[in-house]
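The file start30.cif contains mmCIF, C-alpha atoms:
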data_target
loop_
_atom_site.label_atom_id
_atom_site.label_comp_id
_atom_site.auth_asym_id
_atom_site.auth_seq_id
_atom_site.Cartn_x
_atom_site.Cartn_y
_atom_site.Cartn_z
CA MET S 1 21.17 -13.42 -2.66
CA THR S 2 18.50 -15.81 -1.35
CA GLU S 3 19.23 -19.53 -1.12
CA ILE S 4 16.77 -22.34 -1.77
CA ASN S 5 17.00 -26.16 -1.62
CA GLY S 6 17.13 -25.96 2.18
CA GLY S 7 13.68 -27.36 2.97
CA ASP S 8 12.32 -30.88 3.20
CA PRO S 9 13.16 -32.43 -0.22
CA ALA S 10 10.26 -34.89 -0.13
CA ARG S 11 7.69 -32.18 0.54
CA THR S 12 9.27 -29.76 -1.92
CA ILE S 13 9.24 -32.32 -4.73
CA ALA S 14 5.66 -33.26 -3.95
CA THR S 15 4.64 -29.59 -4.07
CA LEU S 16 6.49 -28.87 -7.31
CA TRP S 17 5.21 -31.95 -9.09
CA GLY S 18 1.65 -31.62 -7.80
CA THR S 19 1.57 -34.93 -5.95
CA ARG S 20 1.11 -33.56 -2.42
CA LYS S 21 -2.42 -33.85 -1.14
CA LEU S 22 -3.78 -31.03 1.00
CA PRO S 23 -4.91 -32.02 4.49
CA ARG S 24 -8.58 -32.98 4.74
CA ARG S 25 -8.98 -31.79 8.30
CA GLY S 26 -9.23 -28.17 9.33
CA PRO S 27 -10.77 -25.18 7.56
CA LYS S 28 -12.02 -25.51 4.01
CA HIS S 29 -9.36 -24.80 1.40
CA THR S 30 -10.17 -21.55 -0.37
CA LEU S 31 -7.02 -21.37 -2.49
CA THR S 32 -4.77 -23.58 -4.57
CA THR S 33 -1.00 -23.88 -4.44
CA GLU S 34 -0.90 -22.44 -7.96
CA GLN S 35 -2.74 -19.31 -6.81
CA VAL S 36 -0.29 -18.79 -3.96
CA VAL S 37 2.70 -19.13 -6.27
CA ALA S 38 1.17 -16.83 -8.88
CA ALA S 39 0.51 -14.17 -6.24
CA ALA S 40 4.12 -14.38 -5.04
CA VAL S 41 5.46 -14.05 -8.60
CA GLY S 42 3.26 -10.99 -9.10
CA LEU S 43 4.64 -9.33 -5.97
CA ALA S 44 8.25 -10.12 -6.87
CA ASP S 45 7.73 -8.82 -10.41
CA GLY S 46 6.23 -5.62 -9.07
CA ASP S 47 9.07 -5.08 -6.61
CA GLN S 48 11.70 -6.43 -9.04
CA ASP S 49 13.14 -7.90 -5.87
CA VAL S 50 12.60 -10.84 -3.52
CA ALA S 51 14.23 -9.28 -0.49
CA THR S 52 10.89 -7.88 0.67
CA LEU S 53 8.84 -10.95 -0.27
CA SER S 54 7.32 -12.66 2.74
CA MET S 55 4.58 -15.15 3.43
CA ARG S 56 2.70 -12.34 5.18
CA ARG S 57 2.73 -10.10 2.10
CA VAL S 58 1.59 -12.96 -0.12
CA ALA S 59 -1.21 -13.75 2.29
CA GLU S 60 -2.31 -10.11 2.42
CA SER S 61 -2.39 -9.93 -1.39
CA LEU S 62 -4.72 -12.95 -1.39
CA GLY S 63 -6.88 -11.67 1.45
CA VAL S 64 -6.14 -14.54 3.81
CA GLY S 65 -4.29 -15.06 7.07
CA THR S 66 -0.57 -15.78 6.94
CA MET S 67 -0.84 -19.13 8.71
CA SER S 68 -3.30 -20.40 6.13
CA LEU S 69 -0.59 -20.22 3.44
CA TYR S 70 1.40 -22.94 5.15
CA THR S 71 -1.35 -25.34 4.15
CA TYR S 72 -0.16 -24.93 0.56
CA ILE S 73 3.53 -23.96 0.87
CA ALA S 74 5.68 -25.09 3.79
CA SER S 75 8.22 -22.26 3.78
CA ARG S 76 9.53 -19.20 2.00
CA GLU S 77 12.32 -21.32 0.50
CA GLU S 78 9.80 -23.76 -0.93
CA LEU S 79 7.78 -20.83 -2.27
CA LEU S 80 10.84 -19.39 -4.05
CA GLU S 81 11.59 -22.71 -5.70
CA ALA S 82 7.98 -22.99 -6.84
CA MET S 83 8.17 -19.43 -8.20
CA LEU S 84 11.29 -20.31 -10.20
CA ASP S 85 9.61 -23.35 -11.65
CA ARG S 86 6.57 -21.31 -12.61
CA VAL S 87 8.56 -18.73 -14.58
CA TYR S 88 10.71 -21.45 -16.14
CA GLU S 89 7.48 -22.70 -17.70
CA GLU S 90 7.56 -19.52 -19.81
CA ALA S 91 11.04 -20.41 -21.04
CA VAL S 92 9.96 -23.94 -21.94
CA ALA S 93 7.12 -22.54 -24.06
CA GLU S 94 9.43 -20.05 -25.79
CA LEU S 95 12.08 -22.66 -26.53
CA GLY S 96 9.46 -24.92 -28.02
CA GLU S 97 10.14 -28.43 -29.29
CA PRO S 98 13.58 -29.10 -30.78
CA GLY S 99 13.61 -27.99 -34.40
CA ASP S 100 15.92 -28.24 -37.37
CA GLN S 101 17.90 -25.07 -36.70
CA GLY S 102 21.66 -25.27 -36.48
CA TRP S 103 23.33 -25.42 -33.11
CA GLU S 104 24.51 -21.78 -33.33
CA ASP S 105 20.97 -20.51 -33.90
CA GLY S 106 19.82 -22.88 -31.19
CA LEU S 107 22.27 -21.49 -28.63
CA ARG S 108 21.37 -17.94 -29.65
CA GLU S 109 17.75 -18.84 -28.95
CA VAL S 110 18.68 -20.35 -25.57
CA ALA S 111 20.54 -17.13 -24.72
CA LYS S 112 17.69 -14.90 -25.91
CA VAL S 113 15.04 -16.81 -23.96
CA ASN S 114 17.07 -16.67 -20.76
CA TRP S 115 17.92 -12.99 -21.32
CA ASN S 116 14.25 -12.07 -21.72
CA LEU S 117 13.34 -14.19 -18.69
CA CYS S 118 15.84 -12.29 -16.53
CA LEU S 119 14.54 -8.91 -17.72
CA ARG S 120 10.88 -9.88 -17.17
CA HIS S 121 11.59 -11.35 -13.74
CA PRO S 122 14.76 -9.64 -12.40
CA TRP S 123 14.32 -11.32 -9.03
CA VAL S 124 15.35 -14.71 -10.48
CA LEU S 125 18.95 -13.45 -10.38
CA GLN S 126 18.64 -13.05 -6.61
CA VAL S 127 17.64 -16.67 -6.02
CA PHE S 128 20.70 -18.85 -5.53
CA THR S 129 19.86 -22.41 -6.47
CA GLY S 130 23.24 -23.95 -5.54
CA ARG S 131 21.86 -27.40 -6.21
CA PRO S 132 19.71 -28.00 -9.31
CA PRO S 133 16.08 -26.84 -9.08
CA LEU S 134 13.80 -29.83 -8.69
CA GLY S 135 10.64 -28.78 -10.53
CA PRO S 136 9.21 -30.24 -13.75
CA HIS S 137 9.57 -27.03 -15.75
CA SER S 138 13.14 -26.54 -14.54
CA ILE S 139 14.01 -29.99 -15.84
CA ALA S 140 12.02 -29.53 -19.07
CA LYS S 141 13.92 -26.29 -19.73
CA TYR S 142 17.25 -28.06 -19.21
CA GLU S 143 16.12 -30.90 -21.49
CA ARG S 144 15.25 -28.55 -24.36
CA GLU S 145 18.44 -26.57 -23.97
CA LEU S 146 20.54 -29.74 -24.06
CA ALA S 147 18.76 -30.86 -27.24
CA VAL S 148 20.41 -27.93 -29.02
CA VAL S 149 23.88 -29.43 -28.57
CA GLU S 150 22.93 -33.11 -28.87
CA GLY S 151 24.60 -35.01 -31.72
CA LEU S 152 27.58 -32.67 -32.12
CA GLY S 153 30.23 -35.06 -30.85
CA LEU S 154 30.43 -33.46 -27.41
CA THR S 155 30.56 -35.54 -24.27
CA ASP S 156 27.66 -35.32 -21.84
CA VAL S 157 29.78 -33.23 -19.49
CA GLU S 158 30.73 -30.89 -22.33
CA MET S 159 27.07 -30.53 -23.34
CA ASP S 160 26.20 -29.53 -19.79
CA SER S 161 29.18 -27.16 -19.67
CA VAL S 162 28.18 -25.40 -22.89
CA ILE S 163 24.65 -24.73 -21.60
CA THR S 164 26.05 -23.58 -18.26
CA LEU S 165 28.46 -21.25 -20.07
CA VAL S 166 25.58 -19.64 -21.97
CA HIS S 167 23.61 -19.23 -18.74
CA ASP S 168 26.56 -17.70 -16.90
CA HIS S 169 27.17 -15.18 -19.69
CA VAL S 170 23.52 -14.18 -19.98
CA GLU S 171 22.95 -13.90 -16.24
CA GLY S 172 26.12 -11.88 -15.70
CA VAL S 173 25.25 -9.32 -18.36
CA ALA S 174 21.56 -9.26 -17.39
CA ARG S 175 22.59 -8.47 -13.81
CA ARG S 176 24.57 -5.47 -15.10
CA ARG S 177 21.61 -4.36 -17.23
CA ILE S 178 19.23 -4.56 -14.27
CA GLU S 179 21.65 -2.63 -12.05
CA VAL S 180 21.84 0.12 -14.69
CA ASP S 181 18.03 0.35 -14.68
CA ARG S 182 17.99 0.47 -10.88
CA ALA S 183 20.60 3.22 -10.87
CA VAL S 184 18.43 5.31 -13.18
CA ARG S 185 15.40 4.84 -10.91
CA ARG S 186 17.44 5.50 -7.77
CA THR S 187 19.18 8.67 -9.00
CA GLY S 188 16.64 9.99 -11.48
CA MET S 189 19.44 10.37 -14.05
CA ASN S 190 20.38 8.33 -17.09
CA ASP S 191 24.07 7.72 -17.89
CA GLU S 192 24.38 10.79 -20.09
CA GLN S 193 22.89 13.05 -17.42
CA TRP S 194 25.05 11.45 -14.74
CA TRP S 195 28.23 11.97 -16.78
CA GLU S 196 27.36 15.60 -17.46
CA LYS S 197 27.31 16.06 -13.68
CA VAL S 198 30.39 14.08 -12.67
CA GLY S 199 32.55 14.57 -15.77
CA PRO S 200 33.70 18.11 -14.90
CA LEU S 201 34.43 17.02 -11.33
CA LEU S 202 36.55 14.09 -12.48
CA ALA S 203 38.40 16.30 -14.98
CA GLU S 204 39.71 18.39 -12.09
CA VAL S 205 41.62 15.44 -10.60
CA PHE S 206 42.15 13.04 -13.52
CA ASP S 207 45.48 13.20 -15.38
CA PRO S 208 45.28 11.40 -18.78
CA ALA S 209 49.06 11.18 -18.94
CA ARG S 210 49.07 9.04 -15.79
CA PHE S 211 46.41 6.67 -17.09
CA PRO S 212 46.82 6.79 -20.89
CA LEU S 213 45.09 3.49 -21.69
CA ALA S 214 42.14 4.18 -19.40
CA ALA S 215 41.79 7.65 -20.92
CA ARG S 216 41.96 6.49 -24.53
CA VAL S 217 39.89 3.31 -24.30
CA GLY S 218 37.38 4.76 -21.85
CA ARG S 219 36.79 7.72 -24.15
CA SER S 220 36.32 5.48 -27.20
CA ALA S 221 33.93 3.15 -25.39
CA GLY S 222 31.97 6.03 -23.91
CA GLU S 223 31.58 7.68 -27.30
CA ALA S 224 30.52 4.39 -28.91
CA HIS S 225 27.98 3.48 -26.23
CA GLN S 226 26.97 6.94 -25.02
CA ALA S 227 27.21 5.38 -21.58
CA ALA S 228 29.73 3.95 -19.19
CA HIS S 229 28.52 0.45 -20.08
CA ASN S 230 26.25 -0.97 -22.78
CA PRO S 231 24.77 -4.28 -21.62
CA GLU S 232 23.24 -5.05 -25.01
CA HIS S 233 26.64 -4.70 -26.69
CA ALA S 234 28.26 -6.81 -23.96
CA TYR S 235 25.57 -9.48 -24.46
CA ALA S 236 26.04 -9.66 -28.25
CA PHE S 237 29.85 -9.38 -28.17
CA GLY S 238 30.26 -12.01 -25.46
CA LEU S 239 27.80 -14.43 -27.07
CA ALA S 240 29.61 -14.19 -30.41
CA ARG S 241 32.95 -14.99 -28.77
CA LEU S 242 31.34 -17.81 -26.81
CA LEU S 243 29.91 -19.39 -29.98
CA GLU S 244 33.31 -19.17 -31.65
CA GLY S 245 34.77 -21.12 -28.74
CA VAL S 246 32.03 -23.78 -28.94
CA ALA S 247 32.66 -24.13 -32.69
CA THR S 248 36.33 -24.75 -31.95
CA LEU S 249 35.41 -27.42 -29.38
CA ILE S 250 33.04 -29.15 -31.80
CA GLY S 251 35.75 -29.12 -34.45
CA GLU S 252 38.23 -30.68 -32.03
CA ARG S 253 35.71 -33.45 -31.27
CA GLY S 254 35.19 -34.11 -34.98
CA GLY S 255 31.54 -33.11 -34.79
CA PRO S 256 29.53 -31.37 -37.53
CA LEU S 257 29.86 -27.60 -37.62
CA VAL S 258 26.33 -27.54 -39.06
CA LYS S 259 23.88 -29.50 -36.97
CA THR S 260 22.00 -32.25 -38.78
CA ARG S 261 19.11 -34.40 -37.65
#
Mind converting the file's structure to C-alpha cells?
Amino acid sequence: MTEINGGDPARTIATLWGTRKLPRRGPKHTLTTEQVVAAAVGLADGDQDVATLSMRRVAESLGVGTMSLYTYIASREELLEAMLDRVYEEAVAELGEPGDQGWEDGLREVAKVNWNLCLRHPWVLQVFTGRPPLGPHSIAKYERELAVVEGLGLTDVEMDSVITLVHDHVEGVARRRIEVDRAVRRTGMNDEQWWEKVGPLLAEVFDPARFPLAARVGRSAGEAHQAAHNPEHAYAFGLARLLEGVATLIGERGGPLVKTR
C-alpha cells in the first residue's frame, strides 16, 4: 500500500487544479504536467502495480532526465495523487450528469463505474488516500455519486456513508478479483487446473466428518462457481444485500423508495 497526501498541500493543490506556474528560469520546458501524469498512468497500467513506479522510470519513458520531472511534479506522492485524479476523470465521464433513474439504478451505476475503474487500473487499489483526494475530478466524482442519494430523506452523513459503503464493497471484491488474476499469471494455472493438482493431496489429509460444514458448503460453492471464489458472484450478491439495507434506511427516514426529481 502506498500513501499519498504527505506532500506540500499548497503545491499539490496548485498542480492538481492547474494553477501552478512553471518556473521561467532554467532550461526550456519540453513537456507538460499532463504528459508526465499520462506517462505514469501508462506505466502503472502496464505493470498493474505502482510498487515499481519511480520518477526515474517515468523520465526514461519520456526520454528526459529524472531531475527535469521535478519541474512539473514535486514528488512521487504528488504524482500518485495526480494519477488518481486523472483516472477519476474517466469515472466522472461514465457517471455523466445526474439523470432521472431511481436511486437503486443510480447506486448500481456507481458500483459498476468504480468496479470497471478498478479492473482497468488495478494499481488504484494500492494507493492509500487516508485523507480525501484533493483534485477536481476526485471531487466531481464524489459530487455525482452523492447526487444519486440526494432527496431521499437521508442526512448528509448518511449520504456520505452510503457512497462509502458502495466503494468499500466494490474495492474489496475487486481486490479479490485482481488477486485471482495475478495468481493465474503467477502459477500458470486457472482455479480448475489448480484444484485438479491440489485436490487429491488435500483428500489424503482432510476428514469430512471433522469439518462437516466446511465439506458440505465448500463443495456446493465450488460446484456452483467452478472455482474456490467467484468475484463476480460476490460483487452481485453483496451489492444486492447492500441495496436492501439502504432501502430499509430510506424507509426508516420516511424517504421515497422510488427517487423522484
Write out as an MDAnalysis selection string which residues come within 9 Å of S:Arg11 when counting all atoms listed in the file, dropping same-chain ones fewer than 4 positions away. chainID S and resid 7 15:16 20 74 78
Return as JSON the centre and edge lengths, in Å with one decimal, of the box along x, y and z that encloses every atom of stretch 184-189 of chain S in the file, padded by 3 Å per side.
{"center_x": 17.4, "center_y": 7.6, "center_z": -10.9, "size_x": 10.0, "size_y": 11.5, "size_z": 12.3}
List the residues selected by the PyMOL selection byres ((chain S and resi 170-177) around 9) in the file shown, writing them as a list of chain:residue names. S:Ala111, S:Lys112, S:Asn114, S:Trp115, S:Asn116, S:Cys118, S:Leu119, S:Pro122, S:Leu125, S:Leu165, S:Val166, S:His167, S:Asp168, S:His169, S:Ile178, S:Glu179, S:Val180, S:Asp181, S:Arg182, S:His229, S:Asn230, S:Pro231, S:Glu232, S:Ala234, S:Tyr235, S:Gly238, S:Leu239
Excluding S:Gly135 and residues on its chain fewer than 4 positions from it, collect all residues at most 7 Å away from it, counting only C-alpha atoms, and give them as a count of residues only. 5
Exactly which residues make up the result of the PyMOL selection byres ((chain S and resi 90) around 12) on this file, given as a list in words?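 Checking the PyMOL selection byres ((chain S and resi 90) around 12) against this file, the residues are Met83, Leu84, Asp85, Arg86, Val87, Tyr88, Glu89, Ala91, Val92, Ala93, Glu94, Leu95, Gly96, Val113, Asn114, Asn116, Leu117, Cys118, Arg120, His121, His137, Ser138, Ala140 and Lys141 of chain S.
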Save the residues we just selected, C-alpha atoms, as an mmCIF file, in the coordinates of the input?
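As written to disk, out-v5.cif reads:
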data_model
loop_
_atom_site.group_PDB
_atom_site.id
_atom_site.type_symbol
_atom_site.label_atom_id
_atom_site.label_comp_id
_atom_site.auth_asym_id
_atom_site.auth_seq_id
_atom_site.Cartn_x
_atom_site.Cartn_y
_atom_site.Cartn_z
ATOM 1 C CA MET S 83 8.170 -19.430 -8.200
ATOM 2 C CA LEU S 84 11.290 -20.310 -10.200
ATOM 3 C CA ASP S 85 9.610 -23.350 -11.650
ATOM 4 C CA ARG S 86 6.570 -21.310 -12.610
ATOM 5 C CA VAL S 87 8.560 -18.730 -14.580
ATOM 6 C CA TYR S 88 10.710 -21.450 -16.140
ATOM 7 C CA GLU S 89 7.480 -22.700 -17.700
ATOM 8 C CA ALA S 91 11.040 -20.410 -21.040
ATOM 9 C CA VAL S 92 9.960 -23.940 -21.940
ATOM 10 C CA ALA S 93 7.120 -22.540 -24.060
ATOM 11 C CA GLU S 94 9.430 -20.050 -25.790
ATOM 12 C CA LEU S 95 12.080 -22.660 -26.530
ATOM 13 C CA GLY S 96 9.460 -24.920 -28.020
ATOM 14 C CA VAL S 113 15.040 -16.810 -23.960
ATOM 15 C CA ASN S 114 17.070 -16.670 -20.760
ATOM 16 C CA ASN S 116 14.250 -12.070 -21.720
ATOM 17 C CA LEU S 117 13.340 -14.190 -18.690
ATOM 18 C CA CYS S 118 15.840 -12.290 -16.530
ATOM 19 C CA ARG S 120 10.880 -9.880 -17.170
ATOM 20 C CA HIS S 121 11.590 -11.350 -13.740
ATOM 21 C CA HIS S 137 9.570 -27.030 -15.750
ATOM 22 C CA SER S 138 13.140 -26.540 -14.540
ATOM 23 C CA ALA S 140 12.020 -29.530 -19.070
ATOM 24 C CA LYS S 141 13.920 -26.290 -19.730
#
Applied to the shown file, which residues does the PyMOL selection byres ((chain S and resi 148) around 9) return, written as an mmCIF file with C-alpha atoms, in the frame of the given file?
data_model
loop_
_atom_site.group_PDB
_atom_site.id
_atom_site.type_symbol
_atom_site.label_atom_id
_atom_site.label_comp_id
_atom_site.auth_asym_id
_atom_site.auth_seq_id
_atom_site.Cartn_x
_atom_site.Cartn_y
_atom_site.Cartn_z
ATOM 1 C CA PRO S 98 13.580 -29.100 -30.780
ATOM 2 C CA GLY S 99 13.610 -27.990 -34.400
ATOM 3 C CA GLN S 101 17.900 -25.070 -36.700
ATOM 4 C CA GLY S 102 21.660 -25.270 -36.480
ATOM 5 C CA TRP S 103 23.330 -25.420 -33.110
ATOM 6 C CA GLU S 104 24.510 -21.780 -33.330
ATOM 7 C CA ASP S 105 20.970 -20.510 -33.900
ATOM 8 C CA GLY S 106 19.820 -22.880 -31.190
ATOM 9 C CA LEU S 107 22.270 -21.490 -28.630
ATOM 10 C CA VAL S 110 18.680 -20.350 -25.570
ATOM 11 C CA ARG S 144 15.250 -28.550 -24.360
ATOM 12 C CA GLU S 145 18.440 -26.570 -23.970
ATOM 13 C CA LEU S 146 20.540 -29.740 -24.060
ATOM 14 C CA ALA S 147 18.760 -30.860 -27.240
ATOM 15 C CA VAL S 149 23.880 -29.430 -28.570
ATOM 16 C CA GLU S 150 22.930 -33.110 -28.870
ATOM 17 C CA GLY S 151 24.600 -35.010 -31.720
ATOM 18 C CA LYS S 259 23.880 -29.500 -36.970
#
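Minimum atom-to-atom distances from S:Arg56, S:Val50, S:Pro133, S:Leu202 to S:Ala215 were compared using all atoms listed in the file, and the lowest value belongs to S:Leu202.
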Please provide the set of residues having any atom within 12 Å of S:Thr66, restricted to all atoms listed in the file, with same-chain residues fewer than 5 positions apart removed, written as a list in words.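 Close residues of S:Thr66: Val36, Ser54, Met55, Arg56, Arg57, Val58, Ala59, Glu60, Ser61, Thr71, Tyr72, Ile73, Ala74, Ser75 and Arg76 of chain S.
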Write a file of the just-selected residues containing C-alpha atoms, as a short mmCIF file (atom, residue, chain, number, x, y, z; two decimals), keeping the file's coordinate frame.
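The resulting out.cif:
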data_model
loop_
_atom_site.label_atom_id
_atom_site.label_comp_id
_atom_site.auth_asym_id
_atom_site.auth_seq_id
_atom_site.Cartn_x
_atom_site.Cartn_y
_atom_site.Cartn_z
CA VAL S 36 -0.29 -18.79 -3.96
CA SER S 54 7.32 -12.66 2.74
CA MET S 55 4.58 -15.15 3.43
CA ARG S 56 2.70 -12.34 5.18
CA ARG S 57 2.73 -10.10 2.10
CA VAL S 58 1.59 -12.96 -0.12
CA ALA S 59 -1.21 -13.75 2.29
CA GLU S 60 -2.31 -10.11 2.42
CA SER S 61 -2.39 -9.93 -1.39
CA THR S 71 -1.35 -25.34 4.15
CA TYR S 72 -0.16 -24.93 0.56
CA ILE S 73 3.53 -23.96 0.87
CA ALA S 74 5.68 -25.09 3.79
CA SER S 75 8.22 -22.26 3.78
CA ARG S 76 9.53 -19.20 2.00
#
Students should find that atom CA of S:Ala227 and atom CA of S:Asp47 are spaced 25.7 Å
